[in-house]
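**Student:** Provided herewith is a single structure, encoded as structure tokens, for subsequent inquiry.
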Amino acid sequence: MSEPVIERVLFTEEQLDQRIREVACEISTKYAGRELKLIGVLKGSVFFLTALARELTVPVKIDFLAVSSFVNQKGGAPGMVRIAKDLDESIEGENVMLVEDIVDTGFTTRYLHQHLAGRSPNSLATCTLLDRTPRRLVQVPLDYRCFEIPDRFVVGFGLDYKQLYRNLKYIGVLEMGLSARDQERAS
Ligand code: PRP
């Protein structure tokens, strides 16, 4: 029943900084002359959103929402998502970018993209720090992605294990013992 440990560093602080600067540069070029509203999904995206926002050269507004996800253990519809905390302000007529720390199955991003599209933004894009493509179950529109990663449990820079490790400056792979893996699956 051992607790998991960080097995190795996947992305160093320097690698994260450099790649986020590159993506921010792409976004700044694309949105030149326009305002951009970044929408973060609590809690994981907070670290990436702030790092990205600091590198953008266009005027930036920010807002946050939170979701709850349900997996029906009895074989019902997977990937049910609902809004647990809504945006504080309207996005009508705004250039909106949904910012995620990680896209796995795609259910959260797909749901939020549809939800936000229904609120009449001028434009809507998606951006994620990590894209764990081996876990994808539904296709989602991803406009910007910093890194594609393999199917490993990662922590740091916003990503947690049982709410811990979010404050790491790097992204590490967690070596999961059997008990920890069971806990992850059960959560
Ligand atoms: C993570 C991540 C996404 C979602 C992606 O959030 O921030 O919102 O999972 O998973 P999906 O592609 O399978 O839908 P999590 O539920 O871990 O919450 P947290 O951000 O508070 O850690």
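How things are named: the first chain in the structure tokens is A, the next is B, and so on; residues count from 1 in each chain; ligands count from 1 in the order shown.
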Could you give me, as number ranges by chain, every polymer residue with an atom at most 8 Å away from an atom of ligand 1, counting only C-alpha atoms and all ligand atoms?
**Tutor:** A: 41-45, 66-69, 79, 100-110, 135-136, 158-160, 163
**Student:** Just the strand (DSSP E) stuff from range 22-140 of chain A, please, per backbone DSSP, written as a ChimeraX atom specification.
**Tutor:** /A:36-42,60-70,80-85,95-103,123-131
**Student:** In terms of the shortest atom-to-atom distance over only C-alpha atoms, which of A:Leu38, A:Leu129, A:Ile171, A:Leu164 is closest to Pro4 in chain A?
**Tutor:**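 Ranked by minimum distance to Pro4 in chain A, first place goes to A:Leu164.
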**Student:** How many Å separate CA of Ser120 in chain A from CA of Leu65 in chain A?
**Tutor:**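 Calculated distance between CA of Ser120 in chain A and CA of Leu65 in chain A is 17.0 Å.
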**Student:** Run DSSP on the backbone and give me the residues of range 132-178 of chain A it puts in helix (DSSP H, G or I), as an NGL selection string.
**Tutor:** :A and (133-135 or 178)
**Student:** Sorted by chain and rising residue number, list the residues of range 138-159 of chain A at most 12 Å from range 22-30 of chain A (counting only C-alpha atoms), each with its closest atom pair and distance in Å to one decimal, as JSON lines.
**Tutor:**
{"residue": "A:Asp143", "atom": "CA", "partner": "A:Ile27", "partner_atom": "CA", "distance": 9.7}
{"residue": "A:Tyr144", "atom": "CA", "partner": "A:Val23", "partner_atom": "CA", "distance": 7.1}
{"residue": "A:Arg145", "atom": "CA", "partner": "A:Val23", "partner_atom": "CA", "distance": 7.7}
{"residue": "A:Cys146", "atom": "CA", "partner": "A:Val23", "partner_atom": "CA", "distance": 6.8}
{"residue": "A:Phe147", "atom": "CA", "partner": "A:Val23", "partner_atom": "CA", "distance": 10.4}
**Student:** Take the selection from the previous step and output its residues with all heavy atoms, as a short mmCIF file (atom, residue, chain, number, x, y, z; two decimals), in the first residue's frame.
**Tutor:**
data_model
loop_
_atom_site.label_atom_id
_atom_site.label_comp_id
_atom_site.auth_asym_id
_atom_site.auth_seq_id
_atom_site.Cartn_x
_atom_site.Cartn_y
_atom_site.Cartn_z
N ASP A 143 -7.02 23.69 -30.95
CA ASP A 143 -6.33 24.66 -31.81
C ASP A 143 -4.86 24.82 -31.44
O ASP A 143 -4.01 25.03 -32.29
CB ASP A 143 -7.05 26.01 -31.73
CG ASP A 143 -8.48 25.90 -32.22
OD1 ASP A 143 -8.67 25.85 -33.44
OD2 ASP A 143 -9.40 25.82 -31.38
N TYR A 144 -4.58 24.78 -30.14
CA TYR A 144 -3.20 24.94 -29.67
C TYR A 144 -2.90 23.87 -28.63
O TYR A 144 -3.72 23.61 -27.75
CB TYR A 144 -2.99 26.33 -29.06
CG TYR A 144 -3.26 27.43 -30.04
CD1 TYR A 144 -4.53 28.03 -30.10
CD2 TYR A 144 -2.28 27.86 -30.93
CE1 TYR A 144 -4.80 29.03 -31.02
CE2 TYR A 144 -2.54 28.86 -31.85
CZ TYR A 144 -3.80 29.44 -31.89
OH TYR A 144 -4.07 30.42 -32.81
N ARG A 145 -1.72 23.30 -28.76
CA ARG A 145 -1.31 22.23 -27.84
C ARG A 145 0.18 22.37 -27.60
O ARG A 145 0.96 22.50 -28.55
CB ARG A 145 -1.62 20.90 -28.52
CG ARG A 145 -1.00 19.70 -27.90
CD ARG A 145 -1.39 18.44 -28.60
NE ARG A 145 -0.54 18.17 -29.77
CZ ARG A 145 -0.63 17.09 -30.53
NH1 ARG A 145 -1.58 16.21 -30.30
NH2 ARG A 145 0.17 16.90 -31.54
N CYS A 146 0.58 22.36 -26.33
CA CYS A 146 2.01 22.48 -26.05
C CYS A 146 2.72 21.14 -26.22
O CYS A 146 3.76 21.08 -26.88
CB CYS A 146 2.23 23.02 -24.64
SG CYS A 146 1.70 24.73 -24.46
N PHE A 147 2.19 20.08 -25.61
CA PHE A 147 2.87 18.78 -25.68
C PHE A 147 1.86 17.64 -25.82
O PHE A 147 0.83 17.64 -25.15
CB PHE A 147 3.66 18.51 -24.40
CG PHE A 147 4.73 19.51 -24.09
CD1 PHE A 147 4.50 20.49 -23.13
CD2 PHE A 147 5.96 19.45 -24.72
CE1 PHE A 147 5.50 21.41 -22.81
CE2 PHE A 147 6.96 20.36 -24.41
CZ PHE A 147 6.72 21.35 -23.46
#
**Student:** Applying 12 Å and only C-alpha atoms, which residues near range 6-11 of chain A remain after dropping the ones on its own chain fewer than 6 positions away? List them as a ChimeraX atom specification.
**Tutor:** /A:17-20,129-130,146-150,152-157,160-161,165,168-177
**Student:** What's the 8 Å shell around Val58 in chain A, counting only C-alpha atoms, without same-chain residues fewer than 5 positions away, as a list in words?
**Tutor:**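 Skipping anything fewer than 5 positions along the chain leaves Ser28, Tyr31, Ala32, Gly33, Arg34, Glu35 and Leu36 of chain A.
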